[in-house]
Amino acid sequence: MGQWVSEIWHSREILYFLAWRDVKVRYKQAALGVAWAVLQPLFTMITFAFFFGKLAGIPSDGVPYPLFSYSALLLWTYFSVTLSQVGNSLVANSSLITKIYFPRVLLPAAAAFGGLLDLVVSSVFLIGMLLYYHMTPRWTMLLTPIFVGQTVLLVMGAGMLLAALNVRYRDVKYTIPFVTQIGLFVTPIIYPVTFLPHRFQSWLALNPMTGVIEGFRACLFGGHVDWDVLGCSWIVTLLLLLIGSWHFRSTERVFADLV
Amino acid sequence: MTESITVENLSKRYELGALQEETQLRDQLVRLLRAPFRKRAPKEILWALHDVSFTVEQGEVVGIIGRNGAGKSTLLKILSKITYPTSGRVRARGRVAALLEVGAGFHEELTGRENIFLNGSIMGMKKKEVDAKLEAIVEFSGMARFIDTPIKHYSSGMRSRLGFAVAAHLEPDVLIVDEVLAVGDAVFQKKCISAMHDMRGGGRTVLFVSHNMAAVENLCSRGMWIANGRIQLDGPVHEVIEAYMASFASADSAFSELTAAEGRRGSGEIRFTRVEFLSTDRDLQTVTRCGKSLVIRLHYRASKPIERPAFALRLYTELGTLVTDTGTWLHGLDIPLVPVGDGYLDLEIDSLNLLPGRYYFSLKLDSCLETRVYDALEHAVHLDVEEAPIYGSSRRIDSRYGLVFFPQRWRLDGIGSGAAIDVSPAASG
């Protein structure tokens, strides 16, 4: 494992160039360019605010509903979009894998880091919304990067597992959008955890994104923090990271033969 | 001398048919449900490499030759760590750069300049290194005008120029090159070869795979012939090339049976069955001498009526250089229909102006109507051209003097004595 990490460290420039390539290519020939990073969560938020916040009257823990849902969509959009890119990163780069040697894990890692640019751009919009709604600044806002970091680890853990499986079983490609679609509803994005009956709440905690989003919101808006949910979320995240990297390491030798 | 590459008992096994089958989880589940206790059907196993061992000293330039599918590319892929051996070990000293495909990893949407950075970095250069060498790379590629154009607008030749330009500036300790000279124009190929010459001078170890025997012989000091996943012969490049080329030849020189030829391609509705070398009287000609006439008779057998086929023949030197390519299509001949059964075509050559040596023929039968190859045989037949007094002198003129000669005469009237020599080689045929 140590050797693996040191090899990755030595190849960090490749990681940078691969991530740079992904970002560059994503917005090439797109007239609105990086604005898409904001538009996607923004329009989702507007839709949610109208149907769930206004019409259905779903509570939002005392925070304006648009802010409530946008803050979660920020991380969720990164998670779902990047997860599918990470999951496809090996298959999409098959011409590289079969022609050049470099640490294979750089491909999923580049996809995970490349997605962060979008997150940064859409965060600027979040700051604007916080100002618009006159939210009181609090020091805990400085802790939000922890949850961004956790999301990256989660994407990497699940992503490495999926990317490696995808090399052998192309079914994975169809599974990811399906899972993220369901995930949108079994994660407290549209509703707060307290909206659910108590017996469902502990099931929801098994979804690691629940802890991430609850923690992220608590940092932004204050309020009650459920430490059990956060702890559970970290355990699942680290477990996925362990399983993902273990599976990736044990199969990466055959990628070039199968991809 | 230090060892640059050490390969010990290297084997690589592929399971044929296993690849497509297992990429769908569903198929596995279905099989499991249908017959939960039955063992899986045994897969066909292919040993792409079988117990290969060798060492390469630092600074050696090794040419790896062999037919398609012999295991050359698998060997290079293992040496460059792209794929892993089933068993055995490989050790390589220093930075290894593999050029298995020129411009691998180029991205269509990025400009030439951006791709230089991307490609260079993936191949193992630091950004600082690329910054420093950028100008030299651009100049080598000859693409300065288009360097800020996305490479989706490049031609394939332009891409390979750029790709090789990056690779040429890698300065690796071990360079592995697979058939990259097959692309690009002659000028660029020359440039590549001279760049590889420079690397050789710099004490770099080079492994070079090519079907171009002239390039292999020109660049490499040592040859390695791989056949069926094993090293058939390893030694001085000239000997290895000769042995390899001789393996294509069959024993008798006046005719060659082709019905059992190995390594042929094509769909097979019509196939070459035999090639004969005949005199103008249509007798078998066991000795062919330069400057004399020759009839090449191509026998075929058609199992179906074939509409508008084209017969073609290519002539190669022993080192794999194409001497000439001829065929019914090039001659504008239209063969409306070849009925089922056996038949033959004659190619008449009035004066065979090849210098002495061994030459090889590749044969091809394809369709003028569609892109379909009926039969293709590479280096299927050889022809030994024996010496003859082509210029009418008794001088021994052999392969040292080139490949071909032309009907010619020297005029000496300008010297002053008025003596003139007028000898036409074709006149004696």
# chains A, B, ... in the order shown; residues from 1 in each chain; ligands from 1
>>> interface_residues(of="chain B", to="chain A", cutoff="9 Å", atoms="only C-alpha atoms", output="PyMOL selection string")
chain B and resi 14+19-20+22-26+77+80-84+97-101+104-107+109-110+114+117-118+121-127
>>> residues_around(residues="region 352-356 of chain B", least_positions_apart="2", cutoff="6 Å", atoms="only C-alpha atoms", output="PyMOL selection string")
chain B and resi 290-293+385-387+398-399+403-405
>>> write_last_selection(atoms="N, CA and C atoms", output="tab-separated table (two decimals), in the first residue's frame")
chain	number	residue	atom	x	y	z
B	290	CYS	N	19.12	-12.96	-64.08
B	290	CYS	CA	18.70	-11.59	-64.27
B	290	CYS	C	18.84	-11.19	-65.73
B	291	GLY	N	17.93	-10.36	-66.15
B	291	GLY	CA	17.92	-9.90	-67.53
B	291	GLY	C	17.18	-10.83	-68.48
B	292	LYS	N	16.79	-12.03	-68.01
B	292	LYS	CA	16.11	-12.97	-68.90
B	292	LYS	C	14.60	-12.83	-68.74
B	293	SER	N	13.91	-13.54	-69.61
B	293	SER	CA	12.46	-13.48	-69.53
B	293	SER	C	11.96	-14.44	-68.45
B	385	VAL	N	17.09	-15.03	-57.99
B	385	VAL	CA	17.57	-14.51	-59.28
B	385	VAL	C	19.08	-14.72	-59.31
B	386	GLU	N	19.50	-15.43	-60.32
B	386	GLU	CA	20.92	-15.77	-60.40
B	386	GLU	C	21.66	-14.76	-61.26
B	387	GLU	N	22.97	-14.75	-61.06
B	387	GLU	CA	23.80	-13.79	-61.80
B	387	GLU	C	23.79	-14.08	-63.29
B	398	ASP	N	26.41	-8.66	-58.57
B	398	ASP	CA	25.50	-9.32	-57.64
B	398	ASP	C	24.75	-8.29	-56.80
B	399	SER	N	24.19	-8.75	-55.69
B	399	SER	CA	23.30	-7.89	-54.91
B	399	SER	C	24.01	-6.68	-54.30
B	403	LEU	N	19.45	-3.27	-56.40
B	403	LEU	CA	18.29	-4.14	-56.58
B	403	LEU	C	17.95	-4.35	-58.05
B	404	VAL	N	18.08	-3.28	-58.82
B	404	VAL	CA	17.61	-3.36	-60.21
B	404	VAL	C	18.66	-2.77	-61.15
B	405	PHE	N	18.51	-3.08	-62.39
B	405	PHE	CA	19.33	-2.41	-63.39
B	405	PHE	C	18.42	-2.01	-64.54
>>> select_by_dssp(residues="region 165-322 of chain B", states="strand (DSSP E or B)", output="NGL selection string")
:B and (174-178 or 205-209 or 222-227 or 230-236 or 255-257 or 265 or 270-278 or 284 or 288-289 or 294-302 or 306-307 or 309-317 or 322)
>>> write_last_selection(atoms="C-alpha atoms", output="PDB file, in the first residue's frame")
ATOM      1  CA  VAL B 174      14.842   2.351 -22.242  1.00  0.00           C
ATOM      2  CA  LEU B 175      12.769   3.147 -25.304  1.00  0.00           C
ATOM      3  CA  ILE B 176      10.236   0.644 -26.576  1.00  0.00           C
ATOM      4  CA  VAL B 177       8.895   1.322 -30.054  1.00  0.00           C
ATOM      5  CA  ASP B 178       6.219  -0.654 -31.851  1.00  0.00           C
ATOM      6  CA  THR B 205      18.540   0.896 -24.811  1.00  0.00           C
ATOM      7  CA  VAL B 206      16.034   0.576 -27.622  1.00  0.00           C
ATOM      8  CA  LEU B 207      13.631  -2.244 -28.394  1.00  0.00           C
ATOM      9  CA  PHE B 208      12.157  -1.844 -31.824  1.00  0.00           C
ATOM     10  CA  VAL B 209       9.382  -3.851 -33.417  1.00  0.00           C
ATOM     11  CA  ARG B 222      20.837  -7.400 -32.483  1.00  0.00           C
ATOM     12  CA  GLY B 223      17.792  -9.197 -33.771  1.00  0.00           C
ATOM     13  CA  MET B 224      15.261 -11.286 -31.962  1.00  0.00           C
ATOM     14  CA  TRP B 225      12.852 -13.427 -33.931  1.00  0.00           C
ATOM     15  CA  ILE B 226       9.724 -14.412 -32.083  1.00  0.00           C
ATOM     16  CA  ALA B 227       7.498 -17.191 -33.331  1.00  0.00           C
ATOM     17  CA  ARG B 230       8.916 -18.183 -28.097  1.00  0.00           C
ATOM     18  CA  ILE B 231      12.264 -16.802 -29.136  1.00  0.00           C
ATOM     19  CA  GLN B 232      13.123 -18.614 -32.324  1.00  0.00           C
ATOM     20  CA  LEU B 233      16.475 -16.946 -32.835  1.00  0.00           C
ATOM     21  CA  ASP B 234      18.456 -14.258 -31.051  1.00  0.00           C
ATOM     22  CA  GLY B 235      21.686 -12.929 -32.480  1.00  0.00           C
ATOM     23  CA  PRO B 236      23.314 -10.477 -34.883  1.00  0.00           C
ATOM     24  CA  PHE B 255       7.079 -23.793 -58.216  1.00  0.00           C
ATOM     25  CA  SER B 256       5.361 -23.449 -54.862  1.00  0.00           C
ATOM     26  CA  GLU B 257       2.297 -25.268 -53.676  1.00  0.00           C
ATOM     27  CA  ARG B 265      -5.955 -14.203 -44.825  1.00  0.00           C
ATOM     28  CA  ILE B 270     -11.229 -18.238 -54.394  1.00  0.00           C
ATOM     29  CA  ARG B 271      -7.664 -19.050 -53.442  1.00  0.00           C
ATOM     30  CA  PHE B 272      -4.227 -19.249 -54.967  1.00  0.00           C
ATOM     31  CA  THR B 273      -3.214 -22.870 -55.193  1.00  0.00           C
ATOM     32  CA  ARG B 274       0.189 -22.797 -56.859  1.00  0.00           C
ATOM     33  CA  VAL B 275       2.762 -20.460 -58.327  1.00  0.00           C
ATOM     34  CA  GLU B 276       5.048 -21.565 -61.136  1.00  0.00           C
ATOM     35  CA  PHE B 277       8.049 -19.920 -62.714  1.00  0.00           C
ATOM     36  CA  LEU B 278       8.057 -20.750 -66.437  1.00  0.00           C
ATOM     37  CA  LEU B 284       9.204 -25.025 -65.642  1.00  0.00           C
ATOM     38  CA  THR B 288      15.957 -17.621 -63.249  1.00  0.00           C
ATOM     39  CA  ARG B 289      18.752 -15.318 -64.280  1.00  0.00           C
ATOM     40  CA  LEU B 294      10.152 -15.019 -66.967  1.00  0.00           C
ATOM     41  CA  VAL B 295       6.550 -16.087 -66.859  1.00  0.00           C
ATOM     42  CA  ILE B 296       4.895 -16.224 -63.459  1.00  0.00           C
ATOM     43  CA  ARG B 297       1.860 -18.482 -63.545  1.00  0.00           C
ATOM     44  CA  LEU B 298      -0.654 -18.043 -60.733  1.00  0.00           C
ATOM     45  CA  HIS B 299      -2.958 -21.025 -60.290  1.00  0.00           C
ATOM     46  CA  TYR B 300      -6.195 -20.579 -58.443  1.00  0.00           C
ATOM     47  CA  ARG B 301      -9.222 -22.543 -57.411  1.00  0.00           C
ATOM     48  CA  ALA B 302     -12.663 -20.967 -57.112  1.00  0.00           C
ATOM     49  CA  ILE B 306     -16.450 -14.848 -58.539  1.00  0.00           C
ATOM     50  CA  GLU B 307     -17.496 -11.601 -60.154  1.00  0.00           C
ATOM     51  CA  PRO B 309     -11.878 -10.229 -58.946  1.00  0.00           C
ATOM     52  CA  ALA B 310      -8.487  -8.569 -59.038  1.00  0.00           C
ATOM     53  CA  PHE B 311      -5.263 -10.550 -58.921  1.00  0.00           C
ATOM     54  CA  ALA B 312      -2.249  -8.767 -57.533  1.00  0.00           C
ATOM     55  CA  LEU B 313       1.338  -9.540 -56.821  1.00  0.00           C
ATOM     56  CA  ARG B 314       3.945  -7.668 -54.829  1.00  0.00           C
ATOM     57  CA  LEU B 315       7.643  -8.184 -55.072  1.00  0.00           C
ATOM     58  CA  TYR B 316       9.838  -7.673 -52.024  1.00  0.00           C
ATOM     59  CA  THR B 317      13.539  -7.857 -51.350  1.00  0.00           C
ATOM     60  CA  LEU B 322       8.802  -3.321 -51.694  1.00  0.00           C
TER      61      LEU B 322
END
>>> atom_distance(atom1="CA of Leu73 (chain A)", atom2="CA of Leu242 (chain A)")
26.4 Å
>>> select_by_dssp(residues="region 22-235 of chain A", states="helix (DSSP H, G or I)", output="number ranges by chain")
A: 22-26, 33-55, 65-92, 94-97, 106-114, 116-132, 139-168, 171-183, 193-195, 198-205, 208-221, 227-235
>>> residues_around(residues="Asp51 (chain B)", least_positions_apart="2", cutoff="7 Å", atoms="only C-alpha atoms", output="count of residues only")
6
>>> closest_residue(among="A:Ala92, A:Leu241, A:Val212, A:Leu126", to="Phe79 (chain A)", atoms="only C-alpha atoms")
A:Val212
>>> closest_residue(among="A:Val229, A:Ala218, A:Val236, A:Ala158", to="Gln201 (chain A)", atoms="only C-alpha atoms")
A:Val229
>>> atom_distance(atom1="CA of Leu74 (chain A)", atom2="CA of Pro59 (chain A)")
19.1 Å
>>> residues_around(residues="Thr136 (chain A)", least_positions_apart="4", cutoff="9 Å", atoms="only C-alpha atoms", output="number ranges by chain")
A: 130-131, 221
>>> write_last_selection(atoms="N, CA and C atoms", output="PDB file, in the first residue's frame")
ATOM      1  N   LEU A 130     -26.544  33.206   0.484  1.00  0.00           N
ATOM      2  CA  LEU A 130     -26.451  33.428   1.936  1.00  0.00           C
ATOM      3  C   LEU A 130     -26.573  34.920   2.241  1.00  0.00           C
ATOM      4  N   LEU A 131     -25.919  35.732   1.402  1.00  0.00           N
ATOM      5  CA  LEU A 131     -25.985  37.181   1.586  1.00  0.00           C
ATOM      6  C   LEU A 131     -27.403  37.689   1.313  1.00  0.00           C
ATOM      7  N   PHE A 221     -25.994  26.754   8.658  1.00  0.00           N
ATOM      8  CA  PHE A 221     -27.181  27.377   9.250  1.00  0.00           C
ATOM      9  C   PHE A 221     -27.278  27.189  10.755  1.00  0.00           C
TER      10      PHE A 221
END
>>> closest_residue(among="A:Ser202, A:Phe68, A:Leu32, A:Val179", to="Val81 (chain A)", atoms="only C-alpha atoms")
A:Val179
>>> closest_residue(among="A:Trp4, A:Ile146, A:Ala37, A:Gly223", to="Trp246 (chain A)", atoms="only C-alpha atoms")
A:Trp4
>>> atom_distance(atom1="CA of Glu57 (chain B)", atom2="CA of Ser87 (chain B)")
22.8 Å
>>> residues_around(residues="region 135-142 of chain B", least_positions_apart="3", cutoff="8 Å", atoms="only C-alpha atoms", output="count of residues only")
8
>>> residues_around(residues="Val7 (chain B)", least_positions_apart="6", cutoff="8 Å", atoms="only C-alpha atoms", output="list of chain:residue names")
B:Val52, B:Ser53, B:Phe54, B:Thr55, B:Gly88, B:Arg89, B:Val90, B:Arg91
>>> write_last_selection(atoms="N, CA and C atoms", output="short mmCIF file (atom, residue, chain, number, x, y, z; two decimals), in the first residue's frame")
data_model
loop_
_atom_site.label_atom_id
_atom_site.label_comp_id
_atom_site.auth_asym_id
_atom_site.auth_seq_id
_atom_site.Cartn_x
_atom_site.Cartn_y
_atom_site.Cartn_z
N VAL B 52 9.80 -17.10 -22.04
CA VAL B 52 10.77 -16.28 -22.76
C VAL B 52 11.77 -15.69 -21.78
N SER B 53 13.05 -15.89 -22.05
CA SER B 53 14.09 -15.30 -21.20
C SER B 53 15.14 -14.65 -22.07
N PHE B 54 15.59 -13.49 -21.69
CA PHE B 54 16.73 -12.86 -22.37
C PHE B 54 17.19 -11.66 -21.54
N THR B 55 18.37 -11.17 -21.86
CA THR B 55 18.82 -9.93 -21.22
C THR B 55 19.26 -8.98 -22.32
N GLY B 88 6.64 -15.40 -14.52
CA GLY B 88 7.93 -14.87 -14.94
C GLY B 88 8.16 -13.46 -14.44
N ARG B 89 9.38 -12.98 -14.67
CA ARG B 89 9.75 -11.68 -14.13
C ARG B 89 10.40 -10.78 -15.17
N VAL B 90 10.22 -9.50 -15.00
CA VAL B 90 10.86 -8.52 -15.86
C VAL B 90 11.51 -7.48 -14.96
N ARG B 91 12.75 -7.15 -15.25
CA ARG B 91 13.37 -6.04 -14.54
C ARG B 91 13.93 -5.07 -15.57
#
>>> residues_around(residues="Asn218 (chain B)", least_positions_apart="3", cutoff="12 Å", atoms="only C-alpha atoms", output="mmCIF file with N, CA and C atoms, in the first residue's frame")
data_model
loop_
_atom_site.group_PDB
_atom_site.id
_atom_site.type_symbol
_atom_site.label_atom_id
_atom_site.label_comp_id
_atom_site.auth_asym_id
_atom_site.auth_seq_id
_atom_site.Cartn_x
_atom_site.Cartn_y
_atom_site.Cartn_z
ATOM 1 N N VAL B 61 20.592 -1.929 -29.168
ATOM 2 C CA VAL B 61 19.387 -1.640 -29.932
ATOM 3 C C VAL B 61 18.929 -2.959 -30.542
ATOM 4 N N VAL B 62 17.792 -3.428 -30.066
ATOM 5 C CA VAL B 62 17.336 -4.766 -30.436
ATOM 6 C C VAL B 62 16.115 -4.661 -31.338
ATOM 7 N N GLY B 63 16.175 -5.308 -32.458
ATOM 8 C CA GLY B 63 15.033 -5.368 -33.356
ATOM 9 C C GLY B 63 14.272 -6.652 -33.100
ATOM 10 N N LYS B 190 12.197 9.256 -42.109
ATOM 11 C CA LYS B 190 13.633 9.453 -42.079
ATOM 12 C C LYS B 190 14.030 10.195 -40.809
ATOM 13 N N ILE B 193 13.831 7.919 -37.855
ATOM 14 C CA ILE B 193 14.933 6.968 -37.797
ATOM 15 C C ILE B 193 16.196 7.672 -37.332
ATOM 16 N N SER B 194 16.397 8.913 -37.804
ATOM 17 C CA SER B 194 17.611 9.584 -37.366
ATOM 18 C C SER B 194 17.508 9.971 -35.896
ATOM 19 N N MET B 196 16.062 8.153 -33.701
ATOM 20 C CA MET B 196 16.355 6.917 -32.981
ATOM 21 C C MET B 196 17.846 6.591 -33.037
ATOM 22 N N HIS B 197 18.472 6.975 -34.142
ATOM 23 C CA HIS B 197 19.924 6.827 -34.234
ATOM 24 C C HIS B 197 20.609 7.630 -33.136
ATOM 25 N N ARG B 200 20.422 6.056 -29.880
ATOM 26 C CA ARG B 200 21.350 4.951 -29.781
ATOM 27 C C ARG B 200 22.719 5.487 -29.375
ATOM 28 N N PHE B 208 12.839 -2.371 -30.658
ATOM 29 C CA PHE B 208 12.157 -1.844 -31.824
ATOM 30 C C PHE B 208 11.445 -2.977 -32.548
ATOM 31 N N SER B 210 9.251 -3.973 -35.830
ATOM 32 C CA SER B 210 8.831 -3.463 -37.124
ATOM 33 C C SER B 210 8.753 -4.603 -38.126
ATOM 34 N N ASN B 212 9.347 -3.649 -41.184
ATOM 35 C CA ASN B 212 10.228 -3.089 -42.188
ATOM 36 C C ASN B 212 11.653 -3.567 -41.897
ATOM 37 N N MET B 213 12.064 -4.626 -42.607
ATOM 38 C CA MET B 213 13.344 -5.251 -42.309
ATOM 39 C C MET B 213 14.510 -4.300 -42.572
ATOM 40 N N ALA B 214 14.329 -3.413 -43.558
ATOM 41 C CA ALA B 214 15.407 -2.478 -43.856
ATOM 42 C C ALA B 214 15.629 -1.562 -42.662
ATOM 43 N N ALA B 215 14.535 -1.103 -42.058
ATOM 44 C CA ALA B 215 14.661 -0.221 -40.892
ATOM 45 C C ALA B 215 15.271 -0.971 -39.724
ATOM 46 N N SER B 221 21.463 -3.597 -33.814
ATOM 47 C CA SER B 221 22.654 -4.427 -33.894
ATOM 48 C C SER B 221 22.284 -5.877 -33.620
ATOM 49 N N ARG B 222 21.215 -6.049 -32.888
ATOM 50 C CA ARG B 222 20.837 -7.400 -32.483
ATOM 51 C C ARG B 222 19.398 -7.646 -32.920
ATOM 52 N N GLY B 223 19.140 -8.849 -33.342
ATOM 53 C CA GLY B 223 17.792 -9.197 -33.771
ATOM 54 C C GLY B 223 17.226 -10.286 -32.891
ATOM 55 N N VAL B 237 21.821 -8.985 -36.035
ATOM 56 C CA VAL B 237 20.576 -8.664 -36.722
ATOM 57 C C VAL B 237 20.515 -9.256 -38.130
ATOM 58 N N HIS B 238 21.659 -9.261 -38.809
ATOM 59 C CA HIS B 238 21.646 -9.734 -40.185
ATOM 60 C C HIS B 238 21.265 -11.214 -40.270
ATOM 61 N N ILE B 241 17.509 -11.756 -39.469
ATOM 62 C CA ILE B 241 16.622 -11.357 -40.563
ATOM 63 C C ILE B 241 16.667 -12.389 -41.691
ATOM 64 N N LEU B 319 14.985 -8.099 -47.467
ATOM 65 C CA LEU B 319 14.863 -7.276 -46.263
ATOM 66 C C LEU B 319 13.492 -6.624 -46.155
#
>>> decode(residues="region 108-132 of chain A", atoms="C-alpha atoms", output="PDB file, in the first residue's frame")
ATOM      1  CA  PRO A 108     -10.635   7.996 -11.264  1.00  0.00           C
ATOM      2  CA  ALA A 109      -8.758  10.495  -9.097  1.00  0.00           C
ATOM      3  CA  ALA A 110      -8.531  12.986 -11.964  1.00  0.00           C
ATOM      4  CA  ALA A 111     -12.266  12.697 -12.562  1.00  0.00           C
ATOM      5  CA  ALA A 112     -12.972  13.248  -8.860  1.00  0.00           C
ATOM      6  CA  PHE A 113     -10.723  16.313  -8.638  1.00  0.00           C
ATOM      7  CA  GLY A 114     -11.789  17.710 -11.992  1.00  0.00           C
ATOM      8  CA  GLY A 115     -15.362  17.893 -10.720  1.00  0.00           C
ATOM      9  CA  LEU A 116     -14.299  20.139  -7.867  1.00  0.00           C
ATOM     10  CA  LEU A 117     -14.060  23.159 -10.146  1.00  0.00           C
ATOM     11  CA  ASP A 118     -17.802  23.015 -10.740  1.00  0.00           C
ATOM     12  CA  LEU A 119     -18.338  22.746  -7.022  1.00  0.00           C
ATOM     13  CA  VAL A 120     -16.236  25.835  -6.388  1.00  0.00           C
ATOM     14  CA  VAL A 121     -18.137  27.811  -9.009  1.00  0.00           C
ATOM     15  CA  SER A 122     -21.527  26.796  -7.660  1.00  0.00           C
ATOM     16  CA  SER A 123     -20.303  27.600  -4.112  1.00  0.00           C
ATOM     17  CA  VAL A 124     -19.797  31.209  -5.146  1.00  0.00           C
ATOM     18  CA  PHE A 125     -23.485  31.265  -5.962  1.00  0.00           C
ATOM     19  CA  LEU A 126     -24.257  29.778  -2.566  1.00  0.00           C
ATOM     20  CA  ILE A 127     -22.364  32.635  -0.895  1.00  0.00           C
ATOM     21  CA  GLY A 128     -24.480  35.034  -2.906  1.00  0.00           C
ATOM     22  CA  MET A 129     -27.640  33.324  -1.683  1.00  0.00           C
ATOM     23  CA  LEU A 130     -26.451  33.428   1.936  1.00  0.00           C
ATOM     24  CA  LEU A 131     -25.985  37.181   1.586  1.00  0.00           C
ATOM     25  CA  TYR A 132     -29.341  37.619  -0.141  1.00  0.00           C
TER      26      TYR A 132
END
